[in-house]
$ cat final_30.cif   # mmCIF, C-alpha atoms
data_my_file
#
loop_
_atom_site.label_atom_id
_atom_site.label_comp_id
_atom_site.auth_asym_id
_atom_site.auth_seq_id
_atom_site.Cartn_x
_atom_site.Cartn_y
_atom_site.Cartn_z
CA MET A 1 178.15 20.31 24.43
CA ILE A 2 174.56 21.40 25.15
CA GLU A 3 174.18 24.22 27.61
CA ALA A 4 171.33 26.35 29.02
CA ARG A 5 171.65 29.49 31.13
CA GLY A 6 171.40 28.60 34.81
CA ALA A 7 171.97 24.91 34.15
CA SER A 8 174.50 22.86 32.25
CA LEU A 9 173.72 19.75 30.28
CA THR A 10 176.58 17.86 28.70
CA PHE A 11 176.84 14.66 26.73
CA ARG A 12 178.04 12.98 29.91
CA ASP A 13 174.60 13.57 31.40
CA ILE A 14 172.88 11.73 28.54
CA PRO A 15 172.99 7.92 28.77
CA GLY A 16 174.98 6.37 25.95
CA LEU A 17 176.41 9.65 24.66
CA ALA A 18 179.16 10.28 27.19
CA HIS A 19 181.96 9.29 24.84
CA VAL A 20 180.59 10.84 21.63
CA PRO A 21 182.81 13.99 21.60
CA ALA A 22 186.02 12.05 22.25
CA ALA A 23 185.05 9.38 19.71
CA LEU A 24 184.36 11.93 16.97
CA HIS A 25 187.60 13.76 17.76
CA SER A 26 189.55 10.49 17.60
CA LEU A 27 187.89 9.63 14.28
CA LEU A 28 188.86 13.03 12.86
CA ALA A 29 192.44 12.58 14.09
CA LEU A 30 192.68 9.13 12.50
CA LEU A 31 191.29 10.35 9.16
CA PHE A 32 193.67 13.32 9.19
CA LEU A 33 196.66 11.10 9.97
CA LEU A 34 195.80 8.67 7.17
CA TYR A 35 195.13 11.44 4.67
CA CYS A 36 198.33 13.36 5.46
CA PHE A 37 200.73 10.42 5.55
CA ILE A 38 199.18 7.98 3.08
CA GLY A 39 196.70 10.02 1.07
CA THR A 40 194.32 8.90 -1.63
CA ASN A 41 196.91 8.26 -4.32
CA ALA A 42 200.02 6.66 -2.81
CA PHE A 43 203.16 6.05 -4.91
CA SER A 44 201.99 8.28 -7.76
CA THR A 45 203.72 11.28 -9.27
CA THR A 46 200.89 13.43 -10.57
CA SER A 47 201.09 14.96 -14.02
CA LEU A 48 200.63 18.63 -14.80
CA THR A 49 197.09 17.96 -16.02
CA GLN A 50 196.20 16.08 -12.82
CA ARG A 51 197.64 18.87 -10.66
CA LEU A 52 195.64 21.42 -12.65
CA GLU A 53 192.32 19.59 -12.45
CA GLY A 54 192.78 18.22 -8.94
CA ASN A 55 191.76 14.87 -7.51
CA PRO A 56 187.96 14.45 -7.05
CA LEU A 57 188.50 11.85 -4.32
CA ASP A 58 190.74 14.30 -2.46
CA ARG A 59 187.97 16.90 -2.50
CA ILE A 60 185.40 14.45 -1.17
CA VAL A 61 187.69 13.31 1.67
CA VAL A 62 188.70 16.85 2.65
CA LEU A 63 185.11 18.12 2.59
CA ALA A 64 184.00 15.13 4.69
CA MET A 65 186.73 15.85 7.24
CA ALA A 66 185.81 19.55 7.25
CA THR A 67 182.17 18.67 7.96
CA LEU A 68 183.23 16.42 10.83
CA ALA A 69 185.54 19.21 12.05
CA ILE A 70 182.59 21.61 12.33
CA VAL A 71 180.82 19.08 14.57
CA VAL A 72 183.95 18.63 16.70
CA LEU A 73 184.40 22.40 17.06
CA ALA A 74 180.77 22.68 18.19
CA LEU A 75 181.30 19.95 20.79
CA TYR A 76 184.49 21.55 22.11
CA TRP A 77 183.32 25.13 21.67
CA ARG A 78 184.73 26.30 25.01
CA ALA A 79 188.28 26.00 23.66
CA VAL A 80 187.51 27.84 20.42
CA PRO A 81 187.33 31.59 21.34
CA GLY A 82 190.69 31.77 23.12
CA MET A 83 192.40 29.59 20.53
CA ALA A 84 190.99 31.66 17.67
CA LEU A 85 192.02 34.93 19.31
CA ARG A 86 195.60 33.71 19.68
CA SER A 87 195.60 32.32 16.12
CA LEU A 88 194.47 35.43 14.29
CA GLY A 89 197.54 35.39 12.06
CA VAL A 90 196.85 31.84 10.85
CA LEU A 91 193.16 32.57 10.29
CA ALA A 92 193.93 35.86 8.52
CA ILE A 93 196.29 34.17 6.05
CA ALA A 94 193.67 31.54 5.19
CA GLY A 95 191.10 34.30 4.72
CA ILE A 96 193.39 36.40 2.52
CA ALA A 97 194.12 33.32 0.40
CA VAL A 98 190.40 32.97 -0.33
CA LEU A 99 190.01 36.71 -0.99
CA SER A 100 192.94 36.66 -3.41
CA MET A 101 190.58 35.23 -6.03
CA LEU A 102 189.49 38.87 -6.50
CA TRP A 103 192.87 39.85 -7.99
CA SER A 104 194.07 36.46 -9.21
CA ASP A 105 194.90 35.83 -12.87
CA PHE A 106 193.12 32.49 -12.47
CA PRO A 107 190.28 33.08 -9.98
CA GLY A 108 188.79 29.61 -10.40
CA LEU A 109 192.07 27.91 -9.55
CA THR A 110 192.68 30.28 -6.66
CA LEU A 111 189.24 29.68 -5.17
CA ARG A 112 189.57 25.91 -5.39
CA ARG A 113 193.07 25.84 -3.92
CA ALA A 114 192.33 28.44 -1.24
CA ILE A 115 189.25 26.50 -0.12
CA LEU A 116 191.52 23.50 0.41
CA LEU A 117 193.73 25.64 2.66
CA ALA A 118 190.66 26.94 4.52
CA CYS A 119 189.37 23.39 5.01
CA PHE A 120 192.70 22.24 6.42
CA THR A 121 192.73 25.24 8.74
CA LEU A 122 189.26 24.28 9.98
CA ILE A 123 190.19 20.60 10.40
CA THR A 124 193.39 21.28 12.32
CA ALA A 125 191.67 23.85 14.53
CA ALA A 126 189.13 21.17 15.46
CA LEU A 127 191.91 18.69 16.19
CA ALA A 128 193.59 21.19 18.52
CA ALA A 129 190.33 22.20 20.22
CA GLY A 130 189.57 18.59 21.14
CA VAL A 131 192.92 17.88 22.82
CA ARG A 132 192.52 17.68 26.59
CA ASP A 133 195.76 15.95 27.55
CA LEU A 134 198.87 16.90 25.58
CA ARG A 135 200.79 13.91 26.91
CA SER A 136 198.20 11.47 25.57
CA ALA A 137 198.06 13.31 22.24
CA HIS A 138 201.87 13.15 21.96
CA THR A 139 201.81 9.43 22.71
CA ALA A 140 199.08 8.74 20.16
CA PHE A 141 200.94 10.71 17.50
CA CYS A 142 204.16 8.79 18.19
CA TRP A 143 202.46 5.43 17.77
CA GLY A 144 200.63 6.62 14.68
CA ILE A 145 203.62 8.08 12.86
CA THR A 146 205.79 5.08 13.81
CA ALA A 147 203.19 2.80 12.21
CA ILE A 148 203.38 4.96 9.07
CA VAL A 149 207.19 4.73 9.07
CA ILE A 150 207.07 0.94 9.46
CA LEU A 151 204.63 0.75 6.54
CA ASN A 152 207.06 2.83 4.47
CA LEU A 153 209.95 0.52 5.39
CA ILE A 154 207.90 -2.51 4.33
CA VAL A 155 207.28 -0.86 0.97
CA ILE A 156 210.97 0.04 0.58
CA PHE A 157 212.24 -3.50 1.25
CA ALA A 158 209.34 -5.57 -0.12
CA MET A 159 208.58 -3.45 -3.20
CA PRO A 160 211.78 -1.55 -4.07
CA SER A 161 210.53 -0.83 -7.59
CA LEU A 162 207.84 1.36 -6.01
CA GLY A 163 209.54 2.54 -2.84
CA VAL A 164 213.05 3.40 -4.07
CA ASP A 165 214.37 5.50 -6.94
CA ASP A 166 217.82 6.65 -8.07
CA LEU A 167 217.88 9.50 -5.54
CA GLY A 168 216.89 7.57 -2.42
CA ALA A 169 214.08 5.76 -0.63
CA LYS A 170 210.71 7.42 -1.08
CA GLY A 171 208.38 4.81 0.39
CA LEU A 172 204.73 5.69 -0.19
CA TYR A 173 205.55 9.17 -1.45
CA SER A 174 206.31 10.82 -4.76
CA GLN A 175 209.95 11.58 -3.94
CA LYS A 176 212.61 11.29 -1.25
CA ASN A 177 212.25 14.83 0.14
CA VAL A 178 208.63 14.18 1.11
CA ALA A 179 209.68 10.95 2.80
CA GLY A 180 212.45 12.89 4.55
CA MET A 181 209.91 15.31 6.04
CA VAL A 182 207.95 12.37 7.49
CA GLY A 183 211.13 10.81 8.86
CA MET A 184 212.15 14.11 10.45
CA ALA A 185 208.78 14.50 12.17
CA ALA A 186 208.88 10.88 13.37
CA VAL A 187 212.39 11.04 14.85
CA LEU A 188 211.72 14.25 16.78
CA ALA A 189 208.32 13.03 18.01
CA THR A 190 209.66 9.74 19.35
CA ALA A 191 212.90 11.22 20.72
CA THR A 192 211.05 13.84 22.78
CA TRP A 193 208.54 11.22 23.92
CA THR A 194 211.36 8.93 25.07
CA ALA A 195 213.21 11.74 26.86
CA ARG A 196 210.20 12.88 28.86
CA GLY A 197 210.93 10.34 31.60
CA HIS A 198 209.05 7.07 32.01
CA ARG A 199 208.76 5.11 35.22
CA ASP A 200 208.24 1.93 33.23
CA GLY A 201 211.44 0.71 31.61
CA MET A 202 209.42 -0.98 28.87
CA ASN A 203 208.19 2.43 27.68
CA VAL A 204 211.79 3.61 27.43
CA LEU A 205 212.65 0.58 25.30
CA PHE A 206 209.64 1.23 23.09
CA GLY A 207 210.70 4.87 22.75
CA VAL A 208 214.28 3.97 21.81
CA ALA A 209 213.00 1.41 19.29
CA MET A 210 210.59 3.90 17.70
CA THR A 211 213.34 6.51 17.45
CA ALA A 212 215.75 4.00 15.89
CA ILE A 213 213.12 3.00 13.31
CA GLY A 214 212.56 6.66 12.45
CA ILE A 215 216.30 7.33 12.09
CA ALA A 216 216.71 4.30 9.82
CA PHE A 217 213.92 5.53 7.56
CA LEU A 218 215.27 9.07 7.55
CA ILE A 219 218.76 7.92 6.55
CA LEU A 220 217.37 5.68 3.80
CA THR A 221 215.62 8.67 2.23
CA ARG A 222 218.98 10.42 1.76
CA SER A 223 217.18 13.74 2.14
CA LYS A 224 220.12 15.91 3.19
CA THR A 225 217.99 18.84 4.32
CA SER A 226 215.76 16.74 6.58
CA ILE A 227 218.68 14.75 8.00
CA GLY A 228 220.68 17.88 8.81
CA LEU A 229 217.73 19.69 10.36
CA THR A 230 216.76 16.66 12.45
CA PHE A 231 220.10 16.24 14.14
CA GLY A 232 220.43 20.00 14.54
CA ALA A 233 217.04 20.07 16.25
CA LEU A 234 218.04 17.25 18.59
CA ALA A 235 221.07 19.30 19.63
CA ILE A 236 218.91 22.38 20.23
CA LEU A 237 216.43 20.35 22.28
CA GLY A 238 219.32 19.10 24.39
CA ILE A 239 220.43 22.69 25.05
CA LEU A 240 216.87 23.68 26.01
CA ALA A 241 216.59 20.72 28.37
CA PHE A 242 219.88 21.69 30.01
CA ALA A 243 218.73 25.31 30.34
CA ALA A 244 215.41 24.29 31.87
CA ARG A 245 217.22 22.34 34.58
CA SER A 246 219.95 24.89 35.26
CA GLY A 247 217.96 27.66 36.86
CA PRO A 248 216.57 31.03 35.79
CA THR A 249 219.85 32.69 34.81
CA VAL A 250 220.84 30.02 32.29
CA ALA A 251 217.27 29.76 30.97
CA LEU A 252 217.08 33.52 30.42
CA ALA A 253 220.51 33.55 28.75
CA VAL A 254 219.50 30.77 26.34
CA VAL A 255 216.21 32.49 25.50
CA MET A 256 217.90 35.83 24.87
CA ALA A 257 220.68 34.27 22.78
CA GLY A 258 218.12 32.40 20.70
CA PHE A 259 216.00 35.50 20.12
CA LEU A 260 219.02 37.64 19.25
CA GLY A 261 220.20 35.05 16.73
CA LEU A 262 216.72 34.79 15.25
CA PHE A 263 216.25 38.52 14.84
CA ALA A 264 219.79 38.93 13.50
CA GLY A 265 218.98 36.34 10.86
CA LEU A 266 215.75 38.13 9.93
CA ALA A 267 217.55 41.46 9.73
CA PHE A 268 220.16 39.85 7.47
CA LEU A 269 217.43 38.53 5.14
CA ILE A 270 215.61 41.87 5.01
CA ALA A 271 218.85 43.77 4.41
CA HIS A 272 219.43 41.65 1.30
CA ASP A 273 215.82 41.93 0.03
CA LEU A 274 215.30 38.16 0.27
CA ASP A 275 217.86 37.70 -2.51
CA MET A 276 218.77 34.05 -1.88
CA ASN A 277 221.59 34.12 -4.44
CA ALA A 278 223.29 37.05 -2.70
CA ILE A 279 222.81 35.39 0.68
CA THR A 280 224.25 32.03 -0.40
CA LEU A 281 227.16 33.83 -2.07
CA ILE A 282 227.97 35.64 1.19
CA LEU A 283 227.55 32.54 3.37
CA PHE A 284 229.14 29.89 1.16
CA GLY A 285 231.09 31.78 -1.49
CA ASP A 286 229.12 30.11 -4.28
CA ALA A 287 225.61 31.15 -5.25
CA SER A 288 225.13 28.09 -7.46
CA PHE A 289 226.03 25.30 -5.03
CA THR A 290 222.36 24.57 -4.26
CA GLY A 291 221.52 24.24 -7.96
CA ARG A 292 218.60 26.63 -7.43
CA ASP A 293 220.19 30.00 -8.11
CA GLU A 294 218.41 30.53 -11.43
CA LEU A 295 215.08 29.45 -9.98
CA TRP A 296 215.43 31.75 -6.96
CA ALA A 297 216.37 34.70 -9.17
CA PHE A 298 213.30 34.07 -11.34
CA ALA A 299 211.05 33.65 -8.28
CA ARG A 300 212.33 36.84 -6.67
CA LYS A 301 211.76 38.81 -9.88
CA SER A 302 208.22 37.39 -10.13
CA MET A 303 207.52 38.29 -6.50
CA PHE A 304 208.49 41.92 -7.06
CA GLU A 305 206.18 42.12 -10.08
CA ARG A 306 203.27 42.21 -7.61
CA PRO A 307 204.87 42.79 -4.21
CA TRP A 308 201.77 43.89 -2.29
CA LEU A 309 199.04 41.38 -3.16
CA GLY A 310 200.82 38.71 -5.18
CA HIS A 311 199.55 36.79 -8.18
CA GLY A 312 196.81 35.01 -6.23
CA TYR A 313 196.92 31.90 -4.05
CA GLY A 314 197.81 28.88 -6.16
CA ALA A 315 197.73 31.00 -9.32
CA PHE A 316 201.38 30.99 -10.37
CA TRP A 317 202.56 27.40 -10.81
CA ASP A 318 200.49 24.55 -12.27
CA VAL A 319 198.15 26.89 -14.13
CA GLY A 320 198.09 25.03 -17.45
CA PRO A 321 200.51 23.81 -20.15
CA GLY A 322 200.38 26.99 -22.22
CA ARG A 323 200.51 29.33 -19.22
CA ASP A 324 203.50 27.99 -17.31
CA PRO A 325 205.49 30.94 -15.86
CA LEU A 326 208.75 29.44 -17.15
CA LEU A 327 207.58 30.12 -20.70
CA ARG A 328 208.62 33.74 -20.09
CA LEU A 329 212.27 32.68 -20.01
CA GLU A 330 214.53 32.62 -23.02
CA PRO A 331 215.77 29.16 -24.10
CA GLY A 332 219.40 28.42 -23.43
CA SER A 333 219.48 28.35 -19.64
CA TRP A 334 218.87 25.32 -17.45
CA LEU A 335 215.64 26.82 -16.18
CA GLY A 336 214.44 27.92 -19.60
CA ASP A 337 215.00 24.48 -21.13
CA VAL A 338 213.50 22.39 -18.30
CA GLU A 339 210.45 20.28 -19.11
CA LEU A 340 207.28 22.28 -18.48
CA GLY A 341 205.45 21.17 -15.36
CA LEU A 342 208.53 19.59 -13.80
CA ILE A 343 209.12 22.63 -11.58
CA ASN A 344 206.00 23.70 -9.72
CA GLN A 345 207.39 25.66 -6.76
CA ALA A 346 210.08 28.21 -5.98
CA HIS A 347 211.96 25.82 -3.65
CA ASN A 348 211.82 28.60 -1.08
CA GLY A 349 208.70 29.06 1.02
CA TYR A 350 209.21 32.79 1.56
CA LEU A 351 209.57 33.53 -2.14
CA GLN A 352 206.68 31.19 -2.92
CA LEU A 353 204.25 32.84 -0.51
CA GLY A 354 205.47 36.26 -1.62
CA ILE A 355 204.70 35.36 -5.24
CA GLU A 356 201.20 34.15 -4.39
CA LEU A 357 200.01 36.50 -1.62
CA GLY A 358 202.57 39.31 -1.53
CA ILE A 359 205.37 40.39 0.77
CA PRO A 360 203.13 41.76 3.60
CA VAL A 361 201.38 38.39 3.99
CA THR A 362 204.76 36.63 3.95
CA ILE A 363 205.94 38.89 6.78
CA LEU A 364 202.69 38.16 8.65
CA ALA A 365 203.24 34.41 8.20
CA VAL A 366 206.80 34.54 9.54
CA PHE A 367 205.77 36.81 12.44
CA THR A 368 202.89 34.47 13.33
CA VAL A 369 205.12 31.40 13.43
CA LEU A 370 207.82 33.25 15.39
CA CYS A 371 205.27 34.34 18.00
CA LEU A 372 204.18 30.74 18.45
CA ILE A 373 207.82 29.64 18.75
CA VAL A 374 208.39 32.27 21.44
CA ARG A 375 205.27 31.07 23.23
CA GLY A 376 206.47 27.47 23.09
CA VAL A 377 209.97 28.31 24.35
CA LEU A 378 208.62 30.33 27.27
CA LEU A 379 206.24 27.52 28.22
CA CYS A 380 209.03 24.92 28.05
CA LEU A 381 211.50 26.93 30.12
CA LEU A 382 209.34 28.85 32.55
CA ALA A 383 206.09 26.97 33.14
CA ARG A 384 205.70 24.47 35.95
CA MET A 385 204.36 21.31 34.34
CA PRO A 386 205.01 17.57 34.22
CA ARG A 387 207.87 16.47 31.98
CA GLY A 388 205.44 14.69 29.68
CA THR A 389 203.59 17.91 28.93
CA ALA A 390 206.87 19.81 28.53
CA ALA A 391 208.04 17.19 26.02
CA GLY A 392 204.93 17.80 23.93
CA PHE A 393 205.50 21.55 23.90
CA ALA A 394 209.21 21.05 23.13
CA TYR A 395 208.39 18.83 20.16
CA MET A 396 205.91 21.29 18.67
CA THR A 397 208.25 24.23 19.20
CA ALA A 398 211.15 22.38 17.57
CA MET A 399 208.96 21.45 14.60
CA LEU A 400 208.01 25.10 14.03
CA VAL A 401 211.68 26.12 14.12
CA LEU A 402 212.48 23.41 11.56
CA PHE A 403 209.48 24.53 9.52
CA LEU A 404 210.97 28.01 9.11
CA LEU A 405 214.43 26.65 8.34
CA HIS A 406 213.12 24.05 5.90
CA ASN A 407 211.42 26.78 3.89
CA PHE A 408 214.78 28.17 2.80
CA THR A 409 215.15 25.25 0.40
CA GLU A 410 211.58 23.93 -0.01
CA ALA A 411 208.20 25.66 -0.23
CA SER A 412 205.70 24.65 2.45
CA LEU A 413 204.91 27.97 4.18
CA PHE A 414 201.08 27.96 4.23
CA MET A 415 201.07 25.81 1.10
CA ARG A 416 198.10 23.47 0.90
CA GLY A 417 198.70 19.75 0.56
CA ILE A 418 202.39 19.80 1.59
CA VAL A 419 203.17 17.12 4.20
CA LEU A 420 205.29 19.33 6.46
CA PHE A 421 202.66 22.08 6.56
CA ASN A 422 199.97 19.48 7.31
CA ILE A 423 202.05 18.32 10.29
CA VAL A 424 202.78 21.75 11.79
CA LEU A 425 199.39 23.41 11.22
CA PRO A 426 197.66 21.61 14.13
CA MET A 427 200.75 22.35 16.24
CA MET A 428 200.24 26.06 15.59
CA PHE A 429 196.75 25.86 17.06
CA LEU A 430 197.94 23.73 19.99
CA LEU A 431 200.69 26.22 20.83
CA ALA A 432 198.10 28.99 20.54
CA ARG A 433 196.08 27.20 23.22
CA GLY A 434 199.27 27.00 25.28
CA ARG A 435 198.36 27.47 28.91
CA ASP A 436 194.95 25.85 28.39
CA LEU A 437 196.76 22.54 27.92
CA LEU A 438 198.61 22.66 31.23
CA PRO A 439 197.37 20.01 33.68
CA SER A 440 195.79 22.34 36.24
CA PRO A 441 195.43 26.06 37.04
CA ALA A 442 197.95 25.67 39.84
CA ALA A 443 200.54 24.48 37.35
CA ARG A 444 200.18 27.40 34.96
CA PRO A 445 203.26 29.52 34.25
CA SER A 446 204.00 32.49 36.43
CA PHE A 447 206.84 33.69 34.16
CA SER A 448 208.65 34.72 37.33
CA MET A 449 211.88 33.00 36.24
CA GLY A 450 211.66 30.73 39.25
CA LYS A 451 213.63 27.48 39.14
CA LEU A 452 211.78 24.68 37.42
CA PRO A 453 211.00 21.51 39.34
#

$ encode --input "final_30.cif" --output "structure tokens"
Amino acid sequence: MIEARGASLTFRDIPGLAHVPAALHSLLALLFLLYCFIGTNAFSTTSLTQRLEGNPLDRIVVLAMATLAIVVLALYWRAVPGMALRSLGVLAIAGIAVLSMLWSDFPGLTLRRAILLACFTLITAALAAGVRDLRSAHTAFCWGITAIVILNLIVIFAMPSLGVDDLGAKGLYSQKNVAGMVGMAAVLATATWTARGHRDGMNVLFGVAMTAIGIAFLILTRSKTSIGLTFGALAILGILAFAARSGPTVALAVVMAGFLGLFAGLAFLIAHDLDMNAITLILFGDASFTGRDELWAFARKSMFERPWLGHGYGAFWDVGPGRDPLLRLEPGSWLGDVELGLINQAHNGYLQLGIELGIPVTILAVFTVLCLIVRGVLLCLLARMPRGTAAGFAYMTAMLVLFLLHNFTEASLFMRGIVLFNIVLPMMFLLARGRDLLPSPAARPSFSMGKLP
């Protein structure tokens, strides 16, 4: 966008350049989709040395996308100030991650890994800034992720030696849980797209087919966490859809019940000092049923060693063969005897972020995501908008809820390079834009609790 005071000159006014902004935005979206879901090193399980040194090709690709993202942000600059203002929590966490090199035990590692987080933040902000029609973006994502799922299924059935292991189908990925995250995102994307209401019956058939393909892939992965969360999310989306159509009283009751449950859960976690073993013992009567009780106890102890600032972003796990944190443990336990480098996360996103950036930043991260969830729920239930737009907001809101739940057993909360975080980060910026993505000013939410059309 080129603009002068008193007159406005856009690319549309310049012959041959009218479609440049949209073309560059589409190129960035395609590169991001390919990088996130296929990557530069498909099928491989990286060694400790490779994780320590990083992948040079990865750096080149990410820096190229970040450069393109700067151009896209400049072209869509009008969307940037409001989006940035409503995304201060996300931007602050990325900034603190970079600054943590000042107190990190391994400043070089922290700087390199934090820059990757900063680049992804920049790239996803550009993706969100360039979206003009949420319905079209939702449709494009559905087709894209379904193509990725089909490619994974081809690998699973045509090359089982690469796409399947003893634990389940992993497709292009290093293990089944990563494949499960992709399947979860695909099923929810296509299910919400199908449910948004299509006048053309062929679109409904396509939607049902895409959802069925996603479910098949998800089940083949045998990722229990992703399967359970997916079907739980579908049930929640059904309740929200019912509430949106049942008038203001039901909508308000659902919102209040959801918020009360959410805050009760947070209060429960805080009351037990994020002690996952104590929590699982209370809820299930067995602290060891997840198989992660020793790891969680070790992670919690490590977090409270530096509760305010943490050990530095990316400066706890994968820091070198002779500096692995598990070397502190005495031999004789499962965790103390495990092969070094095999465990490289706390398997809990809240403990993981607390270890790396401290408890205050972890609270900020959770608060930021919760605020965006609240924003999404209010838009879905109270804003007057076409069903297609509402389906897009519902999908993103559901994904953020699953993101928080998923982090109780896996670590992806503001963790660079994790598939689930790569998926939800652009959604955070899109939900921050919120009302800017509604079709017209007349359709913007009044939050008057009036009955939805």

$ atom_distance --input "final_30.cif" --atom1 "CA of Leu402 in chain A" --atom2 "CA of Leu229 in chain A"
6.5 Å

$ closest_residue --input "final_30.cif" --among "A:Gly82, A:Gly376, A:Pro21, A:Gly238" --to "Arg196 in chain A" --atoms "only C-alpha atoms"
A:Gly238

$ resolve_selection --input "final_30.cif" --expression "the PyMOL selection byres ((chain A and resi 380) around 8)" --output "CSV table (one decimal) with C-alpha atoms, in the coordinates of the input"
chain,number,residue,atom,x,y,z
A,244,ALA,CA,215.4,24.3,31.9
A,376,GLY,CA,206.5,27.5,23.1
A,377,VAL,CA,210.0,28.3,24.4
A,378,LEU,CA,208.6,30.3,27.3
A,379,LEU,CA,206.2,27.5,28.2
A,381,LEU,CA,211.5,26.9,30.1
A,382,LEU,CA,209.3,28.8,32.6
A,383,ALA,CA,206.1,27.0,33.1
A,390,ALA,CA,206.9,19.8,28.5
A,393,PHE,CA,205.5,21.6,23.9
A,394,ALA,CA,209.2,21.0,23.1

$ atom_distance --input "final_30.cif" --atom1 "CA of Thr139 in chain A" --atom2 "CA of Trp193 in chain A"
7.1 Å

$ closest_atom_pairs --input "final_30.cif" --of "range 115-204 of chain A" --to "range 58-62 of chain A" --cutoff "9 Å" --atoms "only C-alpha atoms" --output "tab-separated table"
residue	atom	partner	partner_atom	distance
A:Leu116	CA	A:Val62	CA	7.6
A:Cys119	CA	A:Val62	CA	7.0
A:Phe120	CA	A:Val62	CA	7.7
A:Ile123	CA	A:Val62	CA	8.7

$ write_last_selection --input "final_30.cif" --atoms "C-alpha atoms" --output "mmCIF file, in the frame of the given file"
data_model
loop_
_atom_site.group_PDB
_atom_site.id
_atom_site.type_symbol
_atom_site.label_atom_id
_atom_site.label_comp_id
_atom_site.auth_asym_id
_atom_site.auth_seq_id
_atom_site.Cartn_x
_atom_site.Cartn_y
_atom_site.Cartn_z
ATOM 1 C CA LEU A 116 191.520 23.500 0.410
ATOM 2 C CA CYS A 119 189.370 23.390 5.010
ATOM 3 C CA PHE A 120 192.700 22.240 6.420
ATOM 4 C CA ILE A 123 190.190 20.600 10.400
#

$ closest_residue --input "final_30.cif" --among "A:Ala126, A:Tyr313, A:Met184, A:Phe414" --to "Leu364 in chain A" --atoms "only C-alpha atoms"
A:Phe414

$ closest_residue --input "final_30.cif" --among "A:Trp334, A:Phe206, A:Phe403, A:Tyr35" --to "Ala233 in chain A" --atoms "all atoms listed in the file"
A:Phe403

$ resolve_selection --input "final_30.cif" --expression "the PyMOL selection byres ((chain A and resi 155-162) around 12)" --output "number ranges by chain"
A: 42-45, 148-154, 163-166, 168-176, 179, 216-217, 220-221

$ closest_residue --input "final_30.cif" --among "A:Gly180, A:Gly89, A:Gly417, A:Gly261" --to "Gly314 in chain A" --atoms "all atoms listed in the file"
A:Gly417

$ closest_residue --input "final_30.cif" --among "A:Leu260, A:Leu99, A:Met65, A:Leu353" --to "Leu34 in chain A" --atoms "only C-alpha atoms"
A:Met65

$ resolve_selection --input "final_30.cif" --expression "the PyMOL selection byres ((chain A and resi 27) around 12)" --output "VMD selection string"
chain A and resid 20 to 26 28 to 34 64 to 65 68 to 69 71 to 72 123 126 to 127 130

$ build_atoms --input "final_30.cif" --residues "range 300-311 of chain A" --atoms "N, CA and C atoms" --output "PDB file, keeping the file's coordinate frame"
ATOM      1  N   ARG A 300     212.242  35.516  -7.296  1.00  0.00           N
ATOM      2  CA  ARG A 300     212.330  36.840  -6.670  1.00  0.00           C
ATOM      3  C   ARG A 300     211.840  37.925  -7.621  1.00  0.00           C
ATOM      4  N   LYS A 301     212.226  37.836  -8.891  1.00  0.00           N
ATOM      5  CA  LYS A 301     211.760  38.810  -9.880  1.00  0.00           C
ATOM      6  C   LYS A 301     210.235  38.747 -10.008  1.00  0.00           C
ATOM      7  N   SER A 302     209.676  37.542 -10.017  1.00  0.00           N
ATOM      8  CA  SER A 302     208.220  37.390 -10.130  1.00  0.00           C
ATOM      9  C   SER A 302     207.516  37.933  -8.893  1.00  0.00           C
ATOM     10  N   MET A 303     208.118  37.765  -7.723  1.00  0.00           N
ATOM     11  CA  MET A 303     207.520  38.290  -6.500  1.00  0.00           C
ATOM     12  C   MET A 303     207.432  39.806  -6.533  1.00  0.00           C
ATOM     13  N   PHE A 304     208.486  40.457  -7.038  1.00  0.00           N
ATOM     14  CA  PHE A 304     208.490  41.920  -7.060  1.00  0.00           C
ATOM     15  C   PHE A 304     207.667  42.496  -8.211  1.00  0.00           C
ATOM     16  N   GLU A 305     207.127  41.640  -9.080  1.00  0.00           N
ATOM     17  CA  GLU A 305     206.180  42.120 -10.080  1.00  0.00           C
ATOM     18  C   GLU A 305     204.881  42.575  -9.414  1.00  0.00           C
ATOM     19  N   ARG A 306     204.475  41.857  -8.361  1.00  0.00           N
ATOM     20  CA  ARG A 306     203.270  42.210  -7.610  1.00  0.00           C
ATOM     21  C   ARG A 306     203.586  42.063  -6.117  1.00  0.00           C
ATOM     22  N   PRO A 307     204.371  42.982  -5.575  1.00  0.00           N
ATOM     23  CA  PRO A 307     204.870  42.790  -4.210  1.00  0.00           C
ATOM     24  C   PRO A 307     203.823  42.909  -3.119  1.00  0.00           C
ATOM     25  N   TRP A 308     202.727  43.619  -3.362  1.00  0.00           N
ATOM     26  CA  TRP A 308     201.770  43.890  -2.290  1.00  0.00           C
ATOM     27  C   TRP A 308     200.717  42.795  -2.140  1.00  0.00           C
ATOM     28  N   LEU A 309     200.140  42.350  -3.233  1.00  0.00           N
ATOM     29  CA  LEU A 309     199.040  41.380  -3.160  1.00  0.00           C
ATOM     30  C   LEU A 309     199.386  40.029  -3.777  1.00  0.00           C
ATOM     31  N   GLY A 310     200.440  39.965  -4.554  1.00  0.00           N
ATOM     32  CA  GLY A 310     200.820  38.710  -5.180  1.00  0.00           C
ATOM     33  C   GLY A 310     199.966  38.378  -6.395  1.00  0.00           C
ATOM     34  N   HIS A 311     200.239  37.232  -6.969  1.00  0.00           N
ATOM     35  CA  HIS A 311     199.550  36.790  -8.180  1.00  0.00           C
ATOM     36  C   HIS A 311     198.252  36.052  -7.880  1.00  0.00           C
TER      37      HIS A 311
END
